[in-house]
$ cat input09.cif   # mmCIF, C-alpha atoms
data_run
#
loop_
_atom_site.label_atom_id
_atom_site.label_comp_id
_atom_site.auth_asym_id
_atom_site.auth_seq_id
_atom_site.Cartn_x
_atom_site.Cartn_y
_atom_site.Cartn_z
CA MET F 18 -37.16 -42.19 21.49
CA VAL F 19 -34.88 -42.16 18.43
CA LEU F 20 -34.39 -38.42 18.93
CA ILE F 21 -33.32 -38.87 22.56
CA VAL F 22 -30.89 -41.68 21.64
CA GLY F 23 -29.54 -39.52 18.81
CA VAL F 24 -28.96 -36.58 21.12
CA ILE F 25 -27.23 -38.80 23.71
CA VAL F 26 -24.97 -40.31 21.04
CA LEU F 27 -24.19 -36.82 19.70
CA ILE F 28 -23.27 -35.57 23.18
CA ALA F 29 -21.06 -38.62 23.78
CA VAL F 30 -19.25 -38.15 20.45
CA ASN F 31 -18.89 -34.44 21.20
CA ILE F 32 -17.31 -35.09 24.62
CA ILE F 33 -14.93 -37.72 23.19
CA VAL F 34 -13.77 -35.39 20.40
CA LEU F 35 -13.27 -32.51 22.87
CA SER F 36 -11.41 -34.81 25.25
CA VAL F 37 -9.03 -35.92 22.50
CA ASN F 38 -8.45 -32.36 21.30
CA SER F 39 -7.92 -30.97 24.80
CA ARG F 40 -5.00 -33.33 25.44
CA ARG F 41 -2.99 -32.06 22.53
CA TYR F 42 -3.31 -28.70 20.81
CA THR F 43 -4.11 -29.71 17.25
CA THR F 44 -6.31 -28.39 14.49
CA PHE F 45 -5.46 -31.00 11.86
CA GLY F 46 -3.78 -28.34 9.72
CA LEU F 47 -7.10 -26.62 9.06
CA GLU F 48 -6.13 -23.61 11.11
CA ARG F 49 -3.93 -22.20 8.37
CA ILE F 50 -6.97 -21.92 6.12
CA ALA F 51 -9.00 -19.98 8.70
CA ILE F 52 -6.11 -17.70 9.66
CA SER F 53 -5.24 -17.05 6.01
CA PHE F 54 -8.90 -16.24 5.30
CA ILE F 55 -9.57 -13.90 8.23
CA SER F 56 -6.16 -12.34 8.92
CA PRO F 57 -5.96 -10.12 5.80
CA PHE F 58 -9.22 -8.47 6.91
CA GLN F 59 -7.92 -8.18 10.47
CA GLU F 60 -4.75 -6.59 9.14
CA LEU F 61 -6.72 -4.13 7.02
CA VAL F 62 -8.98 -3.07 9.91
CA THR F 63 -6.11 -2.88 12.42
CA ARG F 64 -3.98 -0.77 10.09
CA THR F 65 -6.92 1.51 9.33
CA MET F 66 -7.60 1.95 13.05
CA ARG F 67 -3.96 2.70 13.78
CA PHE F 68 -3.74 5.09 10.81
CA THR F 69 -6.80 6.98 12.05
CA ARG F 70 -5.48 7.02 15.59
CA ASP F 71 -2.10 8.29 14.36
CA ILE F 72 -3.75 11.13 12.43
CA TRP F 73 -5.69 12.05 15.54
CA GLN F 74 -2.62 11.99 17.72
CA HIS F 75 -0.40 13.81 15.24
CA TYR F 76 -2.68 16.59 14.07
CA PHE F 77 -5.14 17.26 16.87
CA TYR F 78 -2.80 17.05 19.81
CA LEU F 79 -0.12 19.37 18.52
CA VAL F 80 -0.51 21.72 21.46
CA THR F 81 0.06 18.96 23.96
CA VAL F 82 2.89 17.66 21.86
CA THR F 83 4.66 21.00 21.98
CA ARG F 84 4.60 20.95 25.76
CA GLN F 85 5.65 17.35 25.84
CA ASN F 86 8.39 18.17 23.39
CA GLN F 87 9.98 20.56 25.87
CA ILE F 88 9.89 17.94 28.60
CA ILE F 89 11.17 15.26 26.27
CA ARG F 90 14.06 17.45 25.13
CA THR F 91 15.17 17.77 28.74
CA GLN F 92 14.75 14.05 29.25
CA LEU F 93 16.61 13.38 26.01
CA ASN F 94 19.63 15.29 27.26
CA GLN F 95 19.60 13.22 30.41
CA ALA F 96 19.09 10.06 28.38
CA LEU F 97 22.03 10.92 26.15
CA GLU F 98 24.20 11.10 29.19
CA VAL F 99 22.91 7.73 30.41
CA ASN F 100 23.23 6.36 26.88
CA ASN F 101 26.87 7.32 26.86
CA GLN F 102 27.42 5.31 30.01
CA TRP F 103 25.54 2.40 28.48
CA GLN F 104 27.65 2.57 25.36
CA GLU F 105 30.68 2.23 27.52
CA THR F 106 29.08 -0.78 29.21
CA ALA F 107 28.07 -2.20 25.82
CA LEU F 108 31.64 -1.91 24.57
CA ALA F 109 32.83 -3.69 27.68
CA ASN F 110 30.14 -6.28 27.09
CA VAL F 111 31.32 -6.80 23.49
CA ARG F 112 34.85 -7.32 24.68
CA LEU F 113 33.73 -9.82 27.30
CA ARG F 114 31.50 -11.62 24.80
CA ASN F 115 34.40 -11.92 22.40
CA LEU F 116 36.40 -13.34 25.20
CA LEU F 117 33.74 -15.95 25.81
CA ASP F 118 33.50 -16.66 22.08
CA PHE F 119 29.91 -15.42 21.72
CA GLU F 120 29.12 -14.94 18.08
CA LYS F 121 25.89 -13.00 18.02
CA THR F 122 23.76 -10.75 20.13
CA ILE F 123 20.01 -11.08 20.71
CA SER F 124 19.34 -8.08 18.44
CA GLU F 125 20.38 -10.10 15.41
CA MET F 126 18.14 -13.03 16.17
CA VAL F 127 14.69 -11.60 16.06
CA VAL F 128 11.95 -10.82 13.58
CA ALA F 129 9.72 -7.86 14.38
CA ALA F 130 6.00 -8.49 13.92
CA GLU F 131 2.85 -6.46 14.32
CA VAL F 132 -0.17 -7.64 16.30
CA ILE F 133 -3.18 -7.59 13.95
CA GLY F 134 -5.80 -9.47 15.94
CA LYS F 135 -6.58 -10.55 19.48
CA ASP F 136 -8.36 -13.53 20.98
CA PRO F 137 -12.14 -13.05 20.87
CA SER F 138 -12.64 -15.03 24.08
CA ALA F 139 -12.17 -13.76 27.63
CA TRP F 140 -10.91 -17.22 28.64
CA PHE F 141 -7.93 -17.44 26.29
CA LYS F 142 -5.11 -15.00 25.59
CA THR F 143 -3.70 -15.31 22.10
CA VAL F 144 -2.87 -12.80 19.37
CA ILE F 145 -2.42 -13.00 15.60
CA ILE F 146 0.78 -11.44 14.19
CA ASP F 147 1.59 -10.44 10.62
CA LYS F 148 4.62 -12.70 10.15
CA GLY F 149 4.56 -16.35 9.18
CA ARG F 150 6.47 -19.21 7.67
CA ALA F 151 7.66 -17.02 4.80
CA ASP F 152 9.49 -14.85 7.36
CA GLY F 153 11.20 -17.80 9.00
CA LEU F 154 8.73 -18.38 11.81
CA ALA F 155 7.93 -21.85 13.08
CA LYS F 156 5.76 -23.39 15.77
CA GLY F 157 7.25 -23.15 19.26
CA LEU F 158 9.38 -20.04 18.76
CA PRO F 159 9.53 -17.64 21.71
CA VAL F 160 8.02 -14.17 21.34
CA VAL F 161 9.56 -11.36 23.36
CA MET F 162 9.29 -7.63 23.94
CA PRO F 163 11.96 -5.20 25.13
CA GLN F 164 10.19 -5.35 28.54
CA GLY F 165 10.24 -9.15 28.75
CA ILE F 166 8.73 -12.39 27.54
CA ALA F 167 5.42 -12.12 25.68
CA GLY F 168 4.59 -15.68 24.62
CA GLN F 169 5.14 -18.50 22.17
CA VAL F 170 4.17 -19.16 18.54
CA ILE F 171 1.59 -21.95 18.49
CA GLU F 172 0.38 -21.90 14.89
CA VAL F 173 1.95 -20.69 11.67
CA SER F 174 0.49 -20.01 8.24
CA ASN F 175 2.41 -18.52 5.30
CA HIS F 176 2.15 -14.88 6.32
CA TYR F 177 0.45 -14.96 9.72
CA SER F 178 0.98 -16.71 13.05
CA LYS F 179 -0.89 -17.25 16.27
CA VAL F 180 0.93 -16.48 19.52
CA MET F 181 -0.11 -17.81 22.92
CA LEU F 182 0.69 -15.15 25.54
CA ILE F 183 2.25 -16.11 28.88
CA ILE F 184 -0.95 -14.99 30.63
CA ASP F 185 -2.96 -17.67 28.78
CA ARG F 186 -4.16 -20.46 31.07
CA ASN F 187 -2.39 -23.05 28.89
CA SER F 188 0.97 -21.30 29.04
CA ALA F 189 3.89 -22.45 31.22
CA VAL F 190 7.39 -20.94 31.43
CA ASP F 191 10.22 -22.37 33.51
CA ALA F 192 11.42 -19.46 35.63
CA LEU F 193 13.80 -18.27 38.33
CA VAL F 194 13.54 -15.61 40.98
CA GLN F 195 16.48 -13.43 39.95
CA ARG F 196 17.65 -12.55 43.47
CA THR F 197 17.57 -15.97 45.10
CA ARG F 198 17.58 -18.28 42.02
CA ALA F 199 14.50 -20.06 43.41
CA ARG F 200 12.97 -22.08 40.59
CA GLY F 201 9.33 -22.37 39.59
CA VAL F 202 6.93 -22.44 36.68
CA ILE F 203 5.12 -19.32 35.50
CA LYS F 204 1.53 -20.19 34.63
CA GLY F 205 -1.06 -17.92 33.10
CA GLU F 206 -4.49 -17.35 34.55
CA SER F 207 -6.06 -15.66 31.52
CA THR F 208 -6.08 -12.43 33.53
CA ASP F 209 -3.46 -9.68 33.58
CA ARG F 210 -1.25 -11.58 36.03
CA CYS F 211 0.47 -14.97 36.37
CA ARG F 212 1.28 -17.45 39.10
CA LEU F 213 4.75 -18.75 39.91
CA ASP F 214 4.05 -22.36 40.87
CA PHE F 215 6.20 -24.99 42.57
CA VAL F 216 8.48 -22.59 44.49
CA LEU F 217 9.51 -24.44 47.62
CA ARG F 218 8.77 -22.73 50.93
CA LYS F 219 12.39 -23.06 51.96
CA ASN F 220 13.27 -20.61 49.15
CA ASP F 221 13.18 -16.92 49.86
CA VAL F 222 10.70 -15.01 47.66
CA ARG F 223 9.61 -11.46 48.42
CA VAL F 224 7.29 -8.93 46.90
CA GLY F 225 9.23 -6.86 44.37
CA ASP F 226 11.56 -9.66 43.29
CA THR F 227 12.17 -9.94 39.55
CA VAL F 228 11.31 -13.24 37.85
CA VAL F 229 13.34 -14.28 34.79
CA SER F 230 13.25 -17.25 32.43
CA SER F 231 15.46 -20.18 33.42
CA GLY F 232 15.99 -21.47 29.88
CA LEU F 233 15.31 -25.00 31.06
CA ASP F 234 12.02 -25.37 29.21
CA GLY F 235 13.84 -25.37 25.88
CA VAL F 236 11.61 -22.61 24.52
CA TYR F 237 12.66 -19.29 26.05
CA PRO F 238 16.27 -18.14 26.20
CA LYS F 239 17.71 -17.90 29.70
CA GLY F 240 17.60 -14.63 31.62
CA LEU F 241 14.71 -12.87 29.86
CA ARG F 242 12.61 -10.80 32.23
CA ILE F 243 9.08 -12.00 32.93
CA GLY F 244 7.63 -9.93 35.73
CA LEU F 245 7.68 -8.70 39.32
CA VAL F 246 6.48 -10.67 42.32
CA SER F 247 3.39 -8.77 43.45
CA GLU F 248 2.09 -11.11 46.17
CA VAL F 249 3.41 -14.03 48.20
CA ILE F 250 0.84 -16.12 50.05
CA GLU F 251 1.90 -18.73 52.60
CA HIS F 252 -0.29 -21.75 53.32
CA ASP F 253 0.49 -23.71 56.47
CA ALA F 254 -0.25 -27.07 54.92
CA ASP F 255 1.55 -26.49 51.63
CA ILE F 256 5.19 -27.13 50.75
CA PHE F 257 5.10 -24.47 48.05
CA HIS F 258 4.73 -20.69 48.13
CA GLU F 259 1.76 -19.24 46.30
CA VAL F 260 3.41 -16.49 44.29
CA ILE F 261 1.57 -13.98 42.12
CA VAL F 262 3.61 -12.31 39.38
CA THR F 263 2.71 -9.17 37.46
CA PRO F 264 4.26 -9.38 33.97
CA PHE F 265 6.45 -6.53 32.73
CA VAL F 266 4.73 -6.62 29.35
CA ASP F 267 1.46 -4.70 29.18
CA PHE F 268 -0.61 -7.20 27.20
CA GLU F 269 -3.50 -4.79 26.80
CA LYS F 270 -1.31 -2.49 24.74
CA LEU F 271 0.57 -5.13 22.79
CA GLU F 272 1.18 -3.81 19.26
CA GLU F 273 4.59 -4.99 18.14
CA VAL F 274 6.50 -8.08 19.23
CA LEU F 275 9.83 -9.72 18.47
CA VAL F 276 10.02 -13.40 17.52
CA VAL F 277 13.29 -15.15 18.37
CA LEU F 278 14.20 -17.42 15.47
CA GLU F 279 14.79 -21.17 15.70
CA VAL F 280 18.44 -21.31 14.67
CA GLU F 281 19.40 -18.63 17.08
CA LYS F 282 17.35 -20.26 19.82
CA GLN F 283 19.51 -23.31 19.49
CA ASP F 284 22.54 -21.07 19.74
CA MET F 285 21.18 -19.63 22.94
CA ALA F 286 20.58 -23.09 24.31
CA SER F 287 24.08 -24.16 23.47
CA ARG F 288 25.44 -21.17 25.33
CA GLN F 289 23.69 -22.08 28.52
CA MET H 14 -29.05 -13.35 -0.92
CA SER H 15 -29.40 -14.86 2.54
CA TYR H 16 -26.06 -16.66 2.21
CA CYS H 17 -24.27 -13.48 1.13
CA PHE H 18 -25.86 -11.59 4.01
CA ASN H 19 -24.84 -14.28 6.50
CA ILE H 20 -21.25 -14.42 5.22
CA GLY H 21 -21.02 -10.63 5.41
CA ILE H 22 -22.36 -10.53 8.97
CA CYS H 23 -20.04 -13.38 10.05
CA LEU H 24 -17.02 -11.56 8.65
CA VAL H 25 -17.97 -8.21 10.17
CA LEU H 26 -18.64 -9.72 13.62
CA VAL H 27 -15.44 -11.79 13.69
CA ILE H 28 -13.30 -8.84 12.59
CA LEU H 29 -15.09 -6.53 15.01
CA GLN H 30 -14.44 -8.70 18.02
CA THR H 31 -10.85 -9.59 17.19
CA THR H 32 -9.57 -6.19 16.06
CA VAL H 33 -11.79 -3.33 17.21
CA MET H 34 -13.27 -4.42 20.54
CA PRO H 35 -10.02 -5.48 22.27
CA TYR H 36 -8.85 -1.87 21.95
CA LEU H 37 -11.97 -0.44 23.59
CA SER H 38 -11.29 -0.79 27.29
CA MET H 39 -14.98 -0.32 28.16
CA LEU H 40 -15.86 -3.42 26.14
CA ASP H 41 -13.03 -5.68 27.28
CA ARG H 42 -15.51 -8.03 28.96
CA PHE H 43 -18.14 -7.91 26.28
CA TYR H 44 -19.82 -11.20 25.42
CA ASP H 45 -19.22 -13.20 22.25
CA LEU H 46 -20.90 -11.13 19.53
CA LEU H 47 -21.64 -14.22 17.50
CA ILE H 48 -24.14 -15.50 20.07
CA PRO H 49 -26.91 -13.09 18.98
CA PHE H 50 -26.18 -14.15 15.40
CA ILE H 51 -26.43 -17.85 16.29
CA VAL H 52 -29.72 -17.10 18.08
CA TYR H 53 -30.90 -15.17 15.00
CA LEU H 54 -30.01 -18.13 12.75
CA SER H 55 -31.82 -20.46 15.11
CA LEU H 56 -34.96 -18.32 15.33
CA SER H 57 -35.24 -16.96 11.81
CA ARG H 58 -33.44 -19.20 9.34
CA PRO H 59 -34.05 -22.77 8.12
CA ILE H 60 -32.13 -25.55 9.91
CA ARG H 61 -29.92 -26.44 6.94
CA GLU H 62 -28.81 -22.85 6.33
CA GLY H 63 -28.39 -22.18 10.04
CA LEU H 64 -26.31 -25.31 10.70
CA LEU H 65 -24.01 -24.52 7.79
CA PHE H 66 -23.15 -21.12 9.26
CA VAL H 67 -22.98 -22.46 12.81
CA CYS H 68 -20.28 -24.92 11.67
CA PHE H 69 -18.50 -22.25 9.62
CA LEU H 70 -18.42 -19.81 12.55
CA GLY H 71 -17.40 -22.51 15.03
CA PHE H 72 -14.53 -23.52 12.76
CA ILE H 73 -13.34 -19.93 12.28
CA MET H 74 -13.54 -19.07 15.97
CA ASP H 75 -11.83 -22.29 17.06
CA ASN H 76 -8.94 -21.40 14.80
CA LEU H 77 -8.67 -17.75 15.75
CA SER H 78 -8.91 -18.40 19.49
CA GLY H 79 -6.47 -20.16 21.80
CA SER H 80 -9.13 -22.69 22.74
CA PHE H 81 -8.69 -26.33 21.87
CA PHE H 82 -10.27 -27.30 18.56
CA GLY H 83 -14.00 -27.93 18.76
CA LEU H 84 -14.90 -25.84 21.80
CA TYR H 85 -16.58 -23.00 19.91
CA LEU H 86 -18.06 -25.50 17.46
CA THR H 87 -19.61 -27.38 20.40
CA SER H 88 -20.98 -24.22 22.04
CA TYR H 89 -22.50 -22.84 18.84
CA PHE H 90 -23.93 -26.18 17.76
CA TRP H 91 -25.70 -26.88 21.08
CA LEU H 92 -26.78 -23.24 21.39
CA PHE H 93 -28.35 -23.43 17.92
CA ILE H 94 -30.06 -26.76 18.64
CA GLY H 95 -31.12 -25.69 22.14
CA VAL H 96 -32.65 -22.39 21.06
CA LYS H 97 -34.42 -24.07 18.12
CA GLY H 98 -35.86 -26.80 20.33
CA ILE H 99 -36.89 -24.64 23.27
CA THR H 100 -38.46 -21.86 21.21
CA GLN H 101 -40.48 -24.37 19.20
CA LEU H 102 -41.53 -26.21 22.33
CA LEU H 103 -42.52 -23.11 24.29
CA GLN H 104 -43.63 -21.05 21.29
CA VAL H 105 -41.51 -18.06 22.28
CA GLY H 106 -38.92 -15.98 20.45
CA LYS H 107 -40.97 -13.21 18.89
CA ARG H 108 -41.14 -10.69 21.72
CA VAL H 109 -38.23 -8.45 22.65
CA THR H 110 -38.26 -9.63 26.26
CA SER H 111 -38.02 -13.30 25.30
CA ILE H 112 -35.28 -12.54 22.74
CA THR H 113 -33.32 -10.67 25.42
CA VAL H 114 -33.58 -13.59 27.82
CA ILE H 115 -32.63 -16.09 25.09
CA VAL H 116 -29.46 -14.16 24.18
CA ALA H 117 -28.48 -13.80 27.84
CA ALA H 118 -29.13 -17.50 28.38
CA GLY H 119 -27.00 -18.21 25.29
CA VAL H 120 -24.12 -16.20 26.77
CA LEU H 121 -24.47 -18.09 30.05
CA ALA H 122 -24.62 -21.43 28.20
CA GLU H 123 -21.46 -20.68 26.20
CA ASN H 124 -19.57 -19.69 29.34
CA LEU H 125 -20.80 -22.79 31.17
CA ILE H 126 -19.63 -25.01 28.29
CA PHE H 127 -16.22 -23.29 28.37
CA LEU H 128 -15.87 -23.51 32.15
CA GLY H 129 -17.20 -27.06 32.16
CA SER H 130 -14.61 -28.10 29.59
CA PHE H 131 -11.85 -26.52 31.69
CA VAL H 132 -13.00 -28.40 34.77
CA ILE H 133 -13.43 -31.74 32.96
CA PHE H 134 -10.47 -31.73 30.57
CA SER H 135 -7.84 -29.76 32.49
CA PRO H 136 -8.76 -29.94 36.18
CA GLU H 137 -5.16 -29.28 37.25
CA GLN H 138 -5.39 -25.72 35.95
CA GLN H 139 -6.97 -23.11 38.20
CA LEU H 140 -9.84 -21.03 36.95
CA ALA H 141 -9.35 -17.29 36.87
CA GLY H 142 -10.33 -15.81 40.22
CA ASP H 143 -12.77 -13.40 38.65
CA ALA H 144 -14.54 -15.99 36.47
CA VAL H 145 -17.90 -15.31 38.09
CA LYS H 146 -17.47 -11.58 37.57
CA ILE H 147 -16.56 -12.08 33.90
CA VAL H 148 -19.68 -14.19 33.30
CA ALA H 149 -21.89 -11.75 35.25
CA VAL H 150 -20.63 -8.74 33.27
CA GLN H 151 -21.13 -10.59 29.98
CA ILE H 152 -24.71 -11.52 30.89
CA LEU H 153 -25.42 -7.94 31.88
CA TRP H 154 -24.13 -6.72 28.53
CA ALA H 155 -26.23 -9.38 26.81
CA LEU H 156 -29.36 -8.27 28.64
CA LEU H 157 -28.71 -4.67 27.63
CA THR H 158 -27.71 -5.15 24.00
CA GLY H 159 -28.51 -8.72 22.89
CA SER H 160 -31.98 -8.03 21.54
CA VAL H 161 -30.74 -4.92 19.71
CA PHE H 162 -28.27 -7.01 17.69
CA LEU H 163 -30.94 -9.58 16.93
CA ILE H 164 -33.41 -6.94 15.74
CA ILE H 165 -30.71 -5.34 13.58
CA PHE H 166 -29.89 -8.71 11.96
CA ARG H 167 -33.56 -9.50 11.36
CA ASN H 168 -34.52 -6.06 10.00
CA THR H 169 -31.43 -5.74 7.80
CA HIS H 170 -32.09 -9.15 6.32
CA ASN H 171 -35.76 -8.32 5.69
CA TRP H 172 -34.89 -4.97 4.19
CA LEU H 173 -32.27 -6.48 1.84
CA ASP H 174 -34.57 -9.34 0.97
CA THR H 175 -37.44 -7.01 0.08
CA GLY H 176 -35.10 -4.80 -1.93
CA PHE H 177 -33.66 -7.70 -3.90
CA ARG H 178 -37.13 -9.14 -4.58
CA ALA H 179 -38.36 -5.77 -5.84
CA LEU H 180 -35.28 -5.39 -8.02
CA TYR H 181 -35.73 -8.89 -9.41
CA ALA H 182 -39.43 -8.28 -10.10
CA ARG H 183 -38.64 -5.01 -11.89
CA ARG H 184 -36.07 -6.76 -14.06
CA GLN H 185 -38.61 -9.48 -14.89
CA ASN H 186 -41.22 -6.90 -15.91
CA GLU H 187 -38.74 -5.09 -18.15
#

$ encode --input "input09.cif" --output "structure tokens"
Amino acid sequence: MVLIVGVIVLIAVNIIVLSVNSRRYTTFGLERIAISFISPFQELVTRTMRFTRDIWQHYFYLVTVTRQNQIIRTQLNQALEVNNQWQETALANVRLRNLLDFEKTISEMVVAAEVIGKDPSAWFKTVIIDKGRADGLAKGLPVVMPQGIAGQVIEVSNHYSKVMLIIDRNSAVDALVQRTRARGVIKGESTDRCRLDFVLRKNDVRVGDTVVSSGLDGVYPKGLRIGLVSEVIEHDADIFHEVIVTPFVDFEKLEEVLVVLEVEKQDMASRQ
Amino acid sequence: MSYCFNIGICLVLVILQTTVMPYLSMLDRFYDLLIPFIVYLSLSRPIREGLLFVCFLGFIMDNLSGSFFGLYLTSYFWLFIGVKGITQLLQVGKRVTSITVIVAAGVLAENLIFLGSFVIFSPEQQLAGDAVKIVAVQILWALLTGSVFLIIFRNTHNWLDTGFRALYARRQNE
């Protein structure tokens, strides 16, 4: 009898504690200890794996590389030509920015970090990166890639941080459809795609449309690319579109990320 | 010796499933590798020692994962208690077939606790469309490999234990 009552009490306490924790992401500061304890080993193993992989790629695939080299040289020549055009555009951009009194560009506002560990669970999508408070990182900072938005810093220790990816089921990003400026919220599904929620049916959304951040959530700078609309489902009884978005970032191959720093984030916000 | 062995195994398993396995596309839906270890602790180690490592692993995994704090701790704790209780009640847990079923049931139980917590604590969020497929694949992997892990843990521990005892006895004789 005592055992049964004990088990019932234990289950009740367990549910209450989980309920409290699920409302607000908190670890009572203990997380730093665990991350600081495990992350050095993760870093060591990840670097060893990458080192081994690099040796394999560099020394055993030389034949393939030679062929690729020829192709790449051709592509490089073409890219140089395109690059020249872009430089012209960049110069024009600089002039226009000066005109608008912009002080910095996004390239000056980021810290590059390496992914050293991934979430062990299939239900959550987070990664551990090798930069922390000592590098200027803080909770809530946006994490981006050249291809688009990657996620948000949710926990910081001295030299390591945890990043929640936009495909995580707890993630939400205020977004716009670039073509029509239809607004919605990008939500993760803990799979390789996201949903764009709360897009009114009166707004035009089509497959192939680009989705960008709106900047209204106060986390991500405005105009960063998120993904492409891959599916639009209409429900007769619903006032919203059901929009499926495929992110530009390949989260399976995430190795390096850029963290946009706090001060600069405020600058971005003030520009909007 | 047992504590050192357990710490070593914990570290290896956590590192393995956060750094190595995510890069192996074939194993991207592999089950939580710590479940066989929790089952091993439950079947082969004393309650006090087992509970200590269950709490340690739950704490580490809660912090490394994006889950809310306490979810892994809850799963591991009830898995440990459940396996201990059921195996003592039914007098099973020695044969390979029963071990295989226990590990697979552990994988199912962990996933049910996770999914249950999503449904109860954040009902507004949709579950991934392929949730059933994820759980099915994990259980299949558990049926194929779960008992192997458990046997490896048990045999390695016995082998180290025997070795250390022999070494200690030799030192005493000298």

$ atom_distance --input "input09.cif" --atom1 "CA of Ala149 (chain H)" --atom2 "CA of Gln101 (chain H)"
27.6 Å

$ resolve_selection --input "input09.cif" --expression "the PyMOL selection byres ((chain F) within 8 of (chain H))" --output "ChimeraX atom specification"
/F:31,34-36,38-40,42-44,47-48,51-52,55,58-59,62-63,66,133-139,141-143,145,179,181,186,206-208,269

$ closest_residue --input "input09.cif" --among "H:Ile99, H:Val161, H:Leu92, H:Leu56" --to "Leu125 (chain H)" --atoms "all atoms listed in the file"
H:Leu92

$ closest_residue --input "input09.cif" --among "F:Asp209, F:Val274, F:Trp140, F:Tyr237" --to "Glu123 (chain H)" --atoms "all atoms listed in the file"
F:Trp140

$ resolve_selection --input "input09.cif" --expression "the PyMOL selection byres ((chain F and resi 275) around 9)" --output "count of residues only"
15

$ axis_aligned_box --input "input09.cif" --around "region 243-253 of chain F" --padding-each-side "4 Å" --output "lines of an AutoDock Vina configuration file"
center_x = 4.4
center_y = -16.2
center_z = 44.7
size_x = 17.4
size_y = 23.0
size_z = 31.5

$ resolve_selection --input "input09.cif" --expression "the PyMOL selection byres ((chain H and resi 100) around 12)" --output "PDB file with C-alpha atoms, in the coordinates of the input"
ATOM      1  CA  VAL H  52     -29.720 -17.100  18.080  1.00  0.00           C
ATOM      2  CA  TYR H  53     -30.900 -15.170  15.000  1.00  0.00           C
ATOM      3  CA  SER H  55     -31.820 -20.460  15.110  1.00  0.00           C
ATOM      4  CA  LEU H  56     -34.960 -18.320  15.330  1.00  0.00           C
ATOM      5  CA  SER H  57     -35.240 -16.960  11.810  1.00  0.00           C
ATOM      6  CA  LEU H  92     -26.780 -23.240  21.390  1.00  0.00           C
ATOM      7  CA  PHE H  93     -28.350 -23.430  17.920  1.00  0.00           C
ATOM      8  CA  ILE H  94     -30.060 -26.760  18.640  1.00  0.00           C
ATOM      9  CA  GLY H  95     -31.120 -25.690  22.140  1.00  0.00           C
ATOM     10  CA  VAL H  96     -32.650 -22.390  21.060  1.00  0.00           C
ATOM     11  CA  LYS H  97     -34.420 -24.070  18.120  1.00  0.00           C
ATOM     12  CA  GLY H  98     -35.860 -26.800  20.330  1.00  0.00           C
ATOM     13  CA  ILE H  99     -36.890 -24.640  23.270  1.00  0.00           C
ATOM     14  CA  GLN H 101     -40.480 -24.370  19.200  1.00  0.00           C
ATOM     15  CA  LEU H 102     -41.530 -26.210  22.330  1.00  0.00           C
ATOM     16  CA  LEU H 103     -42.520 -23.110  24.290  1.00  0.00           C
ATOM     17  CA  GLN H 104     -43.630 -21.050  21.290  1.00  0.00           C
ATOM     18  CA  VAL H 105     -41.510 -18.060  22.280  1.00  0.00           C
ATOM     19  CA  GLY H 106     -38.920 -15.980  20.450  1.00  0.00           C
ATOM     20  CA  LYS H 107     -40.970 -13.210  18.890  1.00  0.00           C
ATOM     21  CA  ARG H 108     -41.140 -10.690  21.720  1.00  0.00           C
ATOM     22  CA  SER H 111     -38.020 -13.300  25.300  1.00  0.00           C
ATOM     23  CA  ILE H 112     -35.280 -12.540  22.740  1.00  0.00           C
ATOM     24  CA  VAL H 114     -33.580 -13.590  27.820  1.00  0.00           C
ATOM     25  CA  ILE H 115     -32.630 -16.090  25.090  1.00  0.00           C
TER      26      ILE H 115
END

$ atom_distance --input "input09.cif" --atom1 "CA of Leu40 (chain H)" --atom2 "CA of Gln164 (chain F)"
26.2 Å

$ decode --input "input09.cif" --residues "region 146-167 of chain H" --atoms "C-alpha atoms" --output "PDB file, in the first residue's frame"
ATOM      1  CA  LYS H 146       7.751   5.854 -38.590  1.00  0.00           C
ATOM      2  CA  ILE H 147      10.517   7.247 -36.356  1.00  0.00           C
ATOM      3  CA  VAL H 148       9.340   5.151 -33.400  1.00  0.00           C
ATOM      4  CA  ALA H 149       8.916   2.032 -35.578  1.00  0.00           C
ATOM      5  CA  VAL H 150      12.431   2.348 -37.025  1.00  0.00           C
ATOM      6  CA  GLN H 151      13.907   2.874 -33.562  1.00  0.00           C
ATOM      7  CA  ILE H 152      12.146  -0.221 -32.198  1.00  0.00           C
ATOM      8  CA  LEU H 153      13.360  -2.247 -35.158  1.00  0.00           C
ATOM      9  CA  TRP H 154      16.927  -1.139 -34.499  1.00  0.00           C
ATOM     10  CA  ALA H 155      16.460  -1.979 -30.817  1.00  0.00           C
ATOM     11  CA  LEU H 156      15.222  -5.469 -31.644  1.00  0.00           C
ATOM     12  CA  LEU H 157      18.227  -6.028 -33.888  1.00  0.00           C
ATOM     13  CA  THR H 158      20.984  -4.561 -31.731  1.00  0.00           C
ATOM     14  CA  GLY H 159      19.664  -3.931 -28.197  1.00  0.00           C
ATOM     15  CA  SER H 160      20.684  -7.259 -26.708  1.00  0.00           C
ATOM     16  CA  VAL H 161      24.140  -7.019 -28.320  1.00  0.00           C
ATOM     17  CA  PHE H 162      24.860  -3.784 -26.441  1.00  0.00           C
ATOM     18  CA  LEU H 163      23.597  -5.277 -23.199  1.00  0.00           C
ATOM     19  CA  ILE H 164      25.761  -8.383 -23.579  1.00  0.00           C
ATOM     20  CA  ILE H 165      28.793  -6.226 -24.388  1.00  0.00           C
ATOM     21  CA  PHE H 166      28.222  -4.099 -21.251  1.00  0.00           C
ATOM     22  CA  ARG H 167      27.743  -7.173 -19.066  1.00  0.00           C
TER      23      ARG H 167
END
